[in-house]
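Q: My file is target_15.cif. It has mmCIF, C-alpha atoms:
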data_start
loop_
_atom_site.label_atom_id
_atom_site.label_comp_id
_atom_site.auth_asym_id
_atom_site.auth_seq_id
_atom_site.Cartn_x
_atom_site.Cartn_y
_atom_site.Cartn_z
CA VAL A 21 6.37 -15.93 27.81
CA SER A 22 7.84 -17.54 30.88
CA ASP A 23 10.04 -15.13 32.77
CA ASP A 24 12.04 -15.55 35.94
CA VAL A 25 12.98 -11.89 36.18
CA PRO A 26 10.95 -10.64 39.15
CA SER A 27 10.68 -6.95 38.31
CA ARG A 28 8.08 -6.30 35.57
CA ARG A 29 7.00 -2.86 36.76
CA PRO A 30 7.38 -0.02 34.24
CA GLY A 31 10.87 1.34 34.50
CA GLY A 32 12.13 -1.91 36.02
CA ARG A 33 14.87 -4.06 34.55
CA THR A 34 12.48 -5.98 32.29
CA ALA A 35 11.12 -2.77 30.82
CA ARG A 36 14.64 -1.41 30.32
CA VAL A 37 15.79 -4.54 28.52
CA ARG A 38 12.73 -4.34 26.27
CA ALA A 39 13.35 -0.65 25.53
CA ASP A 40 17.03 -1.29 24.74
CA VAL A 41 16.32 -4.27 22.51
CA LEU A 42 13.50 -2.58 20.61
CA ALA A 43 15.58 0.57 20.12
CA ALA A 44 18.24 -1.64 18.53
CA VAL A 45 15.61 -3.34 16.34
CA THR A 46 14.37 0.09 15.20
CA ALA A 47 17.87 1.26 14.33
CA LEU A 48 18.83 -1.92 12.46
CA LEU A 49 15.50 -2.13 10.65
CA THR A 50 15.79 1.37 9.25
CA GLU A 51 19.50 0.98 8.44
CA GLN A 52 19.50 -2.48 6.87
CA GLY A 53 15.91 -3.64 6.39
CA TYR A 54 14.20 -6.73 7.73
CA ASP A 55 16.06 -9.35 5.69
CA ALA A 56 19.41 -8.42 7.19
CA LEU A 57 18.07 -8.32 10.76
CA SER A 58 19.55 -10.97 13.06
CA ILE A 59 19.31 -11.62 16.77
CA GLU A 60 23.14 -11.52 16.87
CA ASP A 61 23.12 -7.96 15.53
CA VAL A 62 20.33 -6.91 17.90
CA ALA A 63 22.36 -8.33 20.81
CA ASP A 64 25.50 -6.47 19.70
CA ARG A 65 23.65 -3.20 19.21
CA SER A 66 21.57 -3.31 22.40
CA GLY A 67 24.18 -4.74 24.75
CA VAL A 68 21.60 -7.33 25.85
CA HIS A 69 22.83 -10.94 25.80
CA ARG A 70 21.53 -12.95 22.88
CA THR A 71 20.30 -15.79 25.10
CA THR A 72 18.06 -13.27 26.87
CA ILE A 73 16.72 -12.12 23.48
CA TYR A 74 16.16 -15.70 22.29
CA ARG A 75 14.42 -16.64 25.54
CA ARG A 76 12.16 -13.63 25.59
CA TRP A 77 11.36 -13.06 21.88
CA GLY A 78 12.40 -16.29 20.21
CA SER A 79 12.75 -14.92 16.67
CA VAL A 80 13.35 -11.84 14.57
CA ALA A 81 9.69 -11.91 13.53
CA MET A 82 8.58 -11.68 17.16
CA LEU A 83 10.95 -8.76 17.78
CA LEU A 84 9.14 -6.89 15.03
CA VAL A 85 5.76 -7.89 16.45
CA ASP A 86 6.79 -6.54 19.85
CA LEU A 87 8.05 -3.30 18.29
CA LEU A 88 4.61 -2.79 16.74
CA GLN A 89 2.97 -3.75 20.05
CA LEU A 90 5.09 -1.07 21.74
CA GLY A 91 3.68 1.41 19.22
CA THR A 92 0.16 0.71 20.50
CA GLU A 93 1.27 1.48 24.07
CA ASP A 94 2.44 5.03 23.45
CA ASP A 95 0.41 8.16 24.11
CA TRP A 96 0.01 9.32 20.51
CA ARG A 97 -3.10 11.41 19.94
CA PRO A 98 -4.18 13.02 16.68
CA PRO A 99 -3.70 16.79 16.43
CA ASP A 100 -6.49 19.06 17.68
CA THR A 101 -6.37 22.20 15.55
CA GLY A 102 -9.98 23.30 15.99
CA SER A 103 -11.22 22.30 12.52
CA LEU A 104 -11.61 19.05 10.63
CA ALA A 105 -9.67 20.52 7.73
CA GLY A 106 -6.81 21.42 10.05
CA ASP A 107 -6.87 18.04 11.81
CA LEU A 108 -6.87 15.96 8.61
CA THR A 109 -4.15 18.12 7.12
CA ALA A 110 -2.05 17.77 10.26
CA ILE A 111 -2.50 13.98 10.25
CA ASN A 112 -1.44 13.81 6.61
CA ARG A 113 1.57 16.01 7.26
CA GLU A 114 2.67 13.73 10.11
CA LEU A 115 2.27 10.82 7.75
CA PHE A 116 4.16 12.63 5.01
CA GLU A 117 7.08 13.10 7.40
CA ALA A 118 6.98 9.45 8.50
CA LEU A 119 6.94 8.22 4.90
CA THR A 120 9.65 10.51 3.57
CA VAL A 121 12.15 10.82 6.45
CA GLU A 122 15.37 8.94 5.63
CA PRO A 123 15.63 6.28 6.84
CA SER A 124 11.89 5.68 7.34
CA LEU A 125 10.82 3.20 10.02
CA THR A 126 7.30 3.30 8.57
CA THR A 127 8.34 2.07 5.12
CA ALA A 128 10.80 -0.44 6.64
CA VAL A 129 8.02 -1.95 8.75
CA ILE A 130 5.66 -2.05 5.75
CA ALA A 131 8.28 -3.93 3.73
CA ALA A 132 8.80 -6.33 6.65
CA SER A 133 5.06 -6.97 6.84
CA PHE A 134 5.32 -8.66 3.42
CA ARG A 135 7.98 -11.02 4.76
CA THR A 136 6.17 -12.69 7.62
CA PRO A 137 2.49 -13.17 8.49
CA GLU A 138 3.16 -12.33 12.14
CA ALA A 139 4.47 -8.91 11.16
CA ALA A 140 1.54 -8.40 8.77
CA GLU A 141 -0.94 -9.08 11.58
CA ALA A 142 0.95 -6.93 14.08
CA LEU A 143 1.10 -4.04 11.61
CA SER A 144 -2.61 -4.38 10.91
CA ARG A 145 -3.28 -4.22 14.68
CA PHE A 146 -0.96 -1.24 15.06
CA TRP A 147 -2.82 0.69 12.37
CA ALA A 148 -6.24 -0.36 13.64
CA ASP A 149 -5.21 1.25 16.93
CA ARG A 150 -3.92 4.43 15.23
CA TYR A 151 -7.05 4.84 13.11
CA ARG A 152 -9.27 4.17 16.15
CA ARG A 153 -7.47 6.88 18.10
CA SER A 154 -7.88 9.22 15.12
CA GLU A 155 -11.66 8.84 15.12
CA VAL A 156 -11.87 11.59 17.75
CA VAL A 157 -11.09 14.07 14.97
CA VAL A 158 -14.33 13.07 13.25
CA ARG A 159 -16.33 13.01 16.50
CA ARG A 160 -15.23 16.55 17.30
CA ALA A 161 -16.28 17.69 13.81
CA VAL A 162 -19.70 16.09 14.31
CA GLU A 163 -20.04 17.80 17.71
CA ARG A 164 -19.15 21.15 16.13
CA GLY A 165 -21.87 20.48 13.56
CA ASP A 166 -19.38 20.61 10.68
CA ILE A 167 -20.33 17.20 9.27
CA ARG A 168 -23.38 15.01 9.66
CA ALA A 169 -23.62 12.63 12.62
CA GLY A 170 -23.62 9.41 10.61
CA THR A 171 -20.26 10.07 8.94
CA ASP A 172 -18.15 6.89 8.74
CA ALA A 173 -15.02 7.96 10.60
CA GLN A 174 -12.81 5.09 9.40
CA GLN A 175 -13.81 5.64 5.80
CA LEU A 176 -13.07 9.35 6.02
CA LEU A 177 -9.69 8.72 7.63
CA VAL A 178 -8.74 6.09 5.04
CA SER A 179 -9.91 8.47 2.27
CA ALA A 180 -7.54 11.13 3.58
CA THR A 181 -4.51 8.99 4.33
CA GLY A 182 -4.84 6.10 1.86
CA PRO A 183 -3.84 7.99 -1.29
CA LEU A 184 -0.65 9.23 0.37
CA PHE A 185 0.37 5.72 1.44
CA HIS A 186 -0.59 4.37 -1.98
CA GLN A 187 1.39 6.93 -3.94
CA ARG A 188 4.50 6.47 -1.82
CA VAL A 189 4.53 2.80 -0.87
CA LEU A 190 2.75 0.91 -3.67
CA LEU A 191 3.05 3.18 -6.71
CA ARG A 192 6.47 4.27 -5.43
CA TRP A 193 6.07 7.75 -6.89
CA PRO A 194 7.45 10.80 -5.12
CA ILE A 195 5.09 12.54 -2.69
CA THR A 196 5.12 16.18 -1.65
CA ARG A 197 3.65 18.07 1.26
CA ALA A 198 1.25 19.59 -1.27
CA ASP A 199 0.02 16.07 -2.10
CA ALA A 200 -0.54 15.42 1.61
CA ASP A 201 -2.63 18.60 1.87
CA ALA A 202 -4.53 17.90 -1.36
CA TYR A 203 -5.55 14.39 -0.27
CA ALA A 204 -6.74 15.69 3.11
CA HIS A 205 -8.70 18.40 1.33
CA ALA A 206 -10.25 15.96 -1.17
CA ALA A 207 -11.36 13.59 1.61
CA LEU A 208 -12.93 16.49 3.44
CA ALA A 209 -14.92 17.52 0.38
CA GLY A 210 -16.37 14.01 0.32
CA VAL A 211 -18.09 14.59 3.66
CA ALA A 212 -18.97 18.25 3.21
CA GLY A 213 -22.20 19.00 5.06
CA PRO A 214 -25.20 20.45 3.27
CA ARG A 215 -24.21 23.88 4.54
CA GLY A 216 -20.76 23.46 3.05
CA ASP A 217 -19.17 24.94 6.18
CA ASN A 218 -16.80 22.08 6.83
CA GLY A 219 -13.79 24.26 7.24
CA ALA A 220 -12.38 23.54 3.78
CA SER A 221 -11.64 27.20 3.32
CA GLN A 222 -9.32 27.07 6.33
CA LEU A 223 -6.98 24.70 4.53
CA PRO A 224 -3.45 26.07 4.25
CA VAL B 18 18.54 -10.43 -24.67
CA SER B 19 20.47 -12.36 -27.29
CA ASP B 20 18.22 -14.71 -29.21
CA ASP B 21 18.95 -17.09 -32.02
CA VAL B 22 15.32 -17.93 -32.65
CA PRO B 23 14.56 -16.23 -35.97
CA SER B 24 10.81 -15.65 -35.61
CA ARG B 25 9.99 -12.68 -33.38
CA ARG B 26 6.75 -11.66 -35.06
CA PRO B 27 3.64 -11.63 -32.84
CA GLY B 28 2.20 -15.10 -32.75
CA GLY B 29 5.57 -16.61 -33.73
CA ARG B 30 7.44 -19.17 -31.69
CA THR B 31 9.21 -16.58 -29.54
CA ALA B 32 5.91 -14.94 -28.63
CA ARG B 33 4.33 -18.32 -27.88
CA VAL B 34 7.19 -19.32 -25.59
CA ARG B 35 6.88 -16.02 -23.77
CA ALA B 36 3.11 -16.41 -23.41
CA ASP B 37 3.47 -19.99 -22.08
CA VAL B 38 6.22 -19.09 -19.64
CA LEU B 39 4.45 -15.99 -18.30
CA ALA B 40 1.16 -17.89 -17.95
CA ALA B 41 3.05 -20.41 -15.80
CA VAL B 42 4.59 -17.57 -13.75
CA THR B 43 1.12 -16.10 -13.20
CA ALA B 44 -0.31 -19.42 -12.06
CA LEU B 45 2.57 -20.23 -9.71
CA LEU B 46 2.72 -16.71 -8.30
CA THR B 47 -0.93 -16.72 -7.32
CA GLU B 48 -0.81 -20.30 -6.02
CA GLN B 49 2.44 -20.21 -4.06
CA GLY B 50 3.71 -16.64 -3.89
CA TYR B 51 7.01 -15.21 -5.03
CA ASP B 52 9.28 -16.88 -2.47
CA ALA B 53 8.38 -20.36 -3.68
CA LEU B 54 8.77 -19.46 -7.36
CA SER B 55 11.61 -21.31 -9.12
CA ILE B 56 12.70 -21.57 -12.73
CA GLU B 57 12.42 -25.37 -12.38
CA ASP B 58 8.73 -25.07 -11.50
CA VAL B 59 8.12 -22.57 -14.30
CA ALA B 60 9.76 -25.00 -16.75
CA ASP B 61 7.64 -27.92 -15.50
CA ARG B 62 4.44 -25.91 -15.63
CA SER B 63 5.01 -24.27 -19.02
CA GLY B 64 6.60 -27.18 -20.83
CA VAL B 65 9.41 -24.84 -21.91
CA HIS B 66 12.92 -26.18 -21.28
CA ARG B 67 14.64 -24.59 -18.30
CA THR B 68 17.78 -23.73 -20.29
CA THR B 69 15.57 -21.66 -22.61
CA ILE B 70 14.10 -19.86 -19.60
CA TYR B 71 17.53 -19.28 -18.04
CA ARG B 72 18.94 -17.98 -21.33
CA ARG B 73 16.06 -15.67 -22.04
CA TRP B 74 15.09 -14.36 -18.57
CA GLY B 75 18.06 -15.28 -16.39
CA SER B 76 16.25 -15.14 -13.03
CA VAL B 77 12.92 -15.37 -11.26
CA ALA B 78 13.05 -11.62 -10.67
CA MET B 79 13.31 -10.98 -14.41
CA LEU B 80 10.37 -13.32 -15.08
CA LEU B 81 8.27 -11.11 -12.82
CA VAL B 82 9.60 -7.97 -14.50
CA ASP B 83 8.61 -9.38 -17.90
CA LEU B 84 5.15 -10.33 -16.62
CA LEU B 85 4.62 -6.71 -15.57
CA GLN B 86 6.04 -5.53 -18.89
CA LEU B 87 3.49 -7.76 -20.65
CA GLY B 88 0.78 -5.98 -18.65
CA THR B 89 1.79 -2.67 -20.24
CA GLU B 90 1.41 -4.20 -23.73
CA ASP B 91 -2.26 -5.19 -23.44
CA ASP B 92 -5.18 -3.16 -24.73
CA TRP B 93 -6.75 -2.27 -21.38
CA ARG B 94 -8.75 0.92 -21.45
CA PRO B 95 -10.70 2.45 -18.57
CA PRO B 96 -14.49 2.10 -18.75
CA ASP B 97 -16.47 4.77 -20.61
CA THR B 98 -19.84 5.00 -18.88
CA GLY B 99 -20.74 8.54 -19.88
CA SER B 100 -20.12 10.18 -16.49
CA LEU B 101 -17.10 10.73 -14.27
CA ALA B 102 -19.02 9.19 -11.37
CA GLY B 103 -19.72 6.10 -13.42
CA ASP B 104 -16.16 5.84 -14.73
CA LEU B 105 -14.49 6.19 -11.31
CA THR B 106 -16.93 3.73 -9.78
CA ALA B 107 -16.29 1.25 -12.59
CA ILE B 108 -12.51 1.61 -12.14
CA ASN B 109 -12.82 1.01 -8.40
CA ARG B 110 -15.05 -2.00 -8.95
CA GLU B 111 -12.49 -3.53 -11.34
CA LEU B 112 -9.88 -2.90 -8.70
CA PHE B 113 -12.09 -4.38 -6.00
CA GLU B 114 -12.39 -7.57 -8.05
CA ALA B 115 -8.63 -7.71 -8.69
CA LEU B 116 -7.84 -7.24 -5.00
CA THR B 117 -10.37 -9.70 -3.65
CA VAL B 118 -10.45 -12.52 -6.22
CA GLU B 119 -8.82 -15.67 -4.80
CA PRO B 120 -6.05 -16.14 -5.64
CA SER B 121 -5.22 -12.52 -6.49
CA LEU B 122 -2.40 -11.84 -8.93
CA THR B 123 -2.53 -8.16 -7.94
CA THR B 124 -1.77 -8.81 -4.27
CA ALA B 125 0.80 -11.51 -5.17
CA VAL B 126 2.67 -9.05 -7.38
CA ILE B 127 2.51 -6.34 -4.71
CA ALA B 128 4.01 -8.75 -2.17
CA ALA B 129 6.72 -9.71 -4.68
CA SER B 130 7.54 -6.04 -5.23
CA PHE B 131 8.79 -5.91 -1.64
CA ARG B 132 11.18 -8.79 -2.33
CA THR B 133 13.28 -7.39 -5.16
CA PRO B 134 14.02 -3.86 -6.39
CA GLU B 135 13.58 -4.98 -10.04
CA ALA B 136 10.01 -6.06 -9.32
CA ALA B 137 9.35 -2.83 -7.39
CA GLU B 138 10.48 -0.76 -10.38
CA ALA B 139 8.57 -2.88 -12.87
CA LEU B 140 5.40 -2.64 -10.79
CA SER B 141 5.81 1.12 -10.50
CA ARG B 142 6.14 1.33 -14.31
CA PHE B 143 3.11 -0.93 -14.80
CA TRP B 144 0.96 1.29 -12.62
CA ALA B 145 2.30 4.49 -14.13
CA ASP B 146 1.05 3.11 -17.45
CA ARG B 147 -2.37 2.13 -16.04
CA TYR B 148 -2.89 5.50 -14.36
CA ARG B 149 -1.75 7.30 -17.53
CA ARG B 150 -4.28 5.35 -19.59
CA SER B 151 -6.95 6.21 -17.00
CA GLU B 152 -6.42 9.94 -17.41
CA VAL B 153 -8.83 9.90 -20.36
CA VAL B 154 -11.65 9.54 -17.84
CA VAL B 155 -10.74 12.93 -16.41
CA ARG B 156 -10.19 14.51 -19.85
CA ARG B 157 -13.65 13.42 -20.95
CA ALA B 158 -15.18 14.92 -17.79
CA VAL B 159 -13.38 18.21 -18.47
CA GLU B 160 -14.65 18.16 -22.09
CA ARG B 161 -18.21 17.58 -20.86
CA GLY B 162 -17.73 20.57 -18.56
CA ASP B 163 -18.32 18.47 -15.45
CA ILE B 164 -15.09 19.48 -13.76
CA ARG B 165 -12.73 22.41 -14.22
CA ALA B 166 -10.02 22.21 -16.87
CA GLY B 167 -7.05 22.39 -14.48
CA THR B 168 -8.04 19.28 -12.51
CA ASP B 169 -5.01 17.13 -11.66
CA ALA B 170 -5.95 13.81 -13.26
CA GLN B 171 -3.35 11.69 -11.45
CA GLN B 172 -4.29 13.16 -8.07
CA LEU B 173 -7.97 12.49 -8.68
CA LEU B 174 -7.31 8.91 -9.78
CA VAL B 175 -5.05 8.23 -6.78
CA SER B 176 -7.69 9.80 -4.48
CA ALA B 177 -10.28 7.36 -5.82
CA THR B 178 -8.19 4.20 -5.93
CA GLY B 179 -5.60 4.76 -3.18
CA PRO B 180 -7.91 4.20 -0.19
CA LEU B 181 -9.07 0.86 -1.59
CA PHE B 182 -5.49 -0.37 -2.09
CA HIS B 183 -4.52 0.96 1.33
CA GLN B 184 -7.38 -0.67 3.20
CA ARG B 185 -6.81 -4.05 1.53
CA VAL B 186 -3.05 -4.27 1.06
CA LEU B 187 -1.46 -2.24 3.83
CA LEU B 188 -4.08 -2.07 6.58
CA ARG B 189 -5.15 -5.61 5.60
CA TRP B 190 -8.76 -4.92 6.57
CA PRO B 191 -11.63 -6.41 4.60
CA ILE B 192 -12.96 -4.32 1.71
CA THR B 193 -16.45 -4.39 0.24
CA ARG B 194 -17.91 -3.26 -3.06
CA ALA B 195 -19.62 -0.51 -1.04
CA ASP B 196 -16.17 0.72 0.06
CA ALA B 197 -15.07 0.79 -3.58
CA ASP B 198 -18.09 2.90 -4.49
CA ALA B 199 -17.71 5.17 -1.46
CA TYR B 200 -14.06 5.95 -2.22
CA ALA B 201 -14.89 6.74 -5.85
CA HIS B 202 -17.72 8.98 -4.66
CA ALA B 203 -15.54 10.76 -2.09
CA ALA B 204 -12.80 11.44 -4.67
CA LEU B 205 -15.39 12.85 -7.03
CA ALA B 206 -16.70 15.24 -4.39
CA GLY B 207 -13.16 16.58 -4.07
CA VAL B 208 -13.27 17.90 -7.65
CA ALA B 209 -16.90 18.96 -7.75
CA GLY B 210 -17.29 21.88 -10.11
CA PRO B 211 -18.77 25.18 -8.97
CA ARG B 212 -22.10 24.12 -10.45
CA GLY B 213 -21.98 20.90 -8.46
CA ASP B 214 -23.14 18.94 -11.53
CA ASN B 215 -20.33 16.44 -11.53
CA GLY B 216 -22.59 13.46 -11.83
CA ALA B 217 -22.36 12.51 -8.15
CA SER B 218 -26.09 11.90 -8.06
CA GLN B 219 -25.67 9.24 -10.74
CA LEU B 220 -23.62 7.05 -8.40
CA PRO B 221 -25.22 3.67 -7.83
#
Would you put the structure from the file into structure tokens?
A:
Amino acid sequence: VSDDVPSRRPGGRTARVRADVLAAVTALLTEQGYDALSIEDVADRSGVHRTTIYRRWGSVAMLLVDLLQLGTEDDWRPPDTGSLAGDLTAINRELFEALTVEPSLTTAVIAASFRTPEAAEALSRFWADRYRRSEVVVRRAVERGDIRAGTDAQQLLVSATGPLFHQRVLLRWPITRADADAYAHAALAGVAGPRGDNGASQLP
Amino acid sequence: VSDDVPSRRPGGRTARVRADVLAAVTALLTEQGYDALSIEDVADRSGVHRTTIYRRWGSVAMLLVDLLQLGTEDDWRPPDTGSLAGDLTAINRELFEALTVEPSLTTAVIAASFRTPEAAEALSRFWADRYRRSEVVVRRAVERGDIRAGTDAQQLLVSATGPLFHQRVLLRWPITRADADAYAHAALAGVAGPRGDNGASQLP
């Protein structure tokens, strides 16, 4: 992206414009969905001139890509509750909130990812980053001796979270907090160590 | 649907027209995706006149709805391998094939379900039917005494299949047959009976 704005330091004008524009994208995406999103509307909502938006992002698809890129730049860390059971449950409860809050940015972005390949790739990268950051939950459990050292962290995390996504987003059935807990619990049982002391009994 | 064609018995002209039209929808959907689907193309491909298609289905969205309805009228039954481990693994392997075959009708229909609410509802109904039919796998395991009687069949089935869908369709990461087996295995561990004889050791 060519850019003749000199200040690119965090907190500078460039960063502020980006924050304003992406906040508008977030609001419009959750309110109206991707199909209704237009650069005109983003300009109106953000107060940033549309020529600036066109020059910097070029298209609605690239606005969504940048929103997902912004998500990889935050300081999100998975919860640290002291047990694998607690950590997986807390992750699934966060996810439950994100999938059921109205309006849900998470489900809006998923829907958008089926509209354009750029959004699909950006969403895949966003989640790769989130799952990578979540691996620490599994490493800590290994260090505590709760599960065996060779445990596949990604597989465990997808086992815990996948059913919740599936039930809500693809099956489009209602989900409850109890479902979130049950799927975390079931995934945990799948990696129970030979001693069986994986913290399952600490589940709420 | 009003219809002046007299024969509606299975195998009659009405049924043959439906079969031809929906076969064309299936082919075009997997080749080109939902956005490129048009009644013109379906008419060309099926050899059924477009006015017949318009009169009977009315729109591309309703063609997709009827395709999913047709899926609920088939005689699909889940595999009966003699153990819960075997049955869940076989289900996940079927799913693995459906999600990875090129072109995949399953992923094409999922993508289409994010385009129109009618398709989303029809897909939700289709899967509700498939998961309901799959419950017999859990009932048989309860009858064999492999798992406790109160086991939530839907939750177990979503635990086994959800991660595979999630990894392929939403995360858009590659999936392997080993992933399919591992997710079936992990779900099974989540419902292991007190005696631990749930057939896990029979997993391939």
Q: Neighbouring residues of stretch 189-193 of chain A were defined as those with any atom within 6 Å, considering all atoms listed in the file; residues of the same chain fewer than 3 positions away were excluded. Please report them as a short mmCIF file (atom, residue, chain, number, x, y, z; two decimals) with C-alpha atoms, keeping the file's coordinate frame.
A:
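See selection.cif below for the written result:
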data_model
loop_
_atom_site.label_atom_id
_atom_site.label_comp_id
_atom_site.auth_asym_id
_atom_site.auth_seq_id
_atom_site.Cartn_x
_atom_site.Cartn_y
_atom_site.Cartn_z
CA PHE A 185 0.37 5.72 1.44
CA HIS A 186 -0.59 4.37 -1.98
CA SER B 141 5.81 1.12 -10.50
#
Q: If the PyMOL selection byres ((chain A) within 7 of (chain B)) were run on this exact file, what residues would it hold? Put them as a ChimeraX atom specification.
A: /A:131,134,144,147,178-179,182-183,185-186,191-192,203,206-207,209-210
Q: Between A:Asp172, A:Asp201, A:Asp86, A:Asp40, which has the minimum distance to A:Arg159 (counting all atoms listed in the file)?
A: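 Result for the nearest residue to A:Arg159: A:Asp172.
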Q: Quick one: of B:Ala195, B:Leu116, B:Arg62, B:Leu87, who's nearest to B:Ala32, counting all atoms listed in the file?
A: B:Leu87
Q: Quick one: residues within 9 Å of (17.6, 6.7, 6.6) (file frame), counting all atoms listed in the file, please, as a list in words.
A: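 In the file's frame, the residues around the point are Thr50, Glu51, Val121, Glu122, Pro123, Ser124 and Leu125 of chain A.
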Q: Figure out the distance between atom CA of A:Thr127 and atom CA of A:Arg188, please, to one decimal in Å.
A: 9.1 Å
Q: Check which residues satisfy the PyMOL selection byres ((chain A and resi 97) around 10) in the file shown, then give them as a ChimeraX atom specification.
A: /A:94-96,98-100,150,153-154,156-157
Q: Applying 10 Å and only C-alpha atoms, which residues near B:Glu111 remain after dropping the ones on its own chain fewer than 3 positions away? List them as an mmCIF file with C-alpha atoms, in the frame of the given file.
A:
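The resulting file, part-v2.cif, is shown below:
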data_model
loop_
_atom_site.group_PDB
_atom_site.id
_atom_site.type_symbol
_atom_site.label_atom_id
_atom_site.label_comp_id
_atom_site.auth_asym_id
_atom_site.auth_seq_id
_atom_site.Cartn_x
_atom_site.Cartn_y
_atom_site.Cartn_z
ATOM 1 C CA PRO B 95 -10.700 2.450 -18.570
ATOM 2 C CA PRO B 96 -14.490 2.100 -18.750
ATOM 3 C CA LEU B 105 -14.490 6.190 -11.310
ATOM 4 C CA THR B 106 -16.930 3.730 -9.780
ATOM 5 C CA ALA B 107 -16.290 1.250 -12.590
ATOM 6 C CA ILE B 108 -12.510 1.610 -12.140
ATOM 7 C CA GLU B 114 -12.390 -7.570 -8.050
ATOM 8 C CA ALA B 115 -8.630 -7.710 -8.690
ATOM 9 C CA LEU B 116 -7.840 -7.240 -5.000
ATOM 10 C CA ARG B 194 -17.910 -3.260 -3.060
ATOM 11 C CA ALA B 197 -15.070 0.790 -3.580
#
Q: Kindly compute an axis-aligned box around the listed atoms of stretch 87-101 of chain B, allowing 4 Å on each side, and express its centre and edge lengths in Å to one decimal as AutoDock Vina command-line options.
A:
--center_x -8.6 --center_y 1.5 --center_z -19.5 --size_x 32.2 --size_y 26.5 --size_z 18.5
Q: Tell me, in Å to one decimal, how far atom CA of A:Arg33 is from atom CA of A:Tyr54.
A: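 According to the coordinates, atom CA of A:Arg33 and atom CA of A:Tyr54 are separated by 27.0 Å.
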Q: Distance atom CA of A:Ala81-atom CA of A:Ala56, one decimal place?
A: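 Atom-to-atom, atom CA of A:Ala81 and atom CA of A:Ala56 are spaced 12.1 Å apart.
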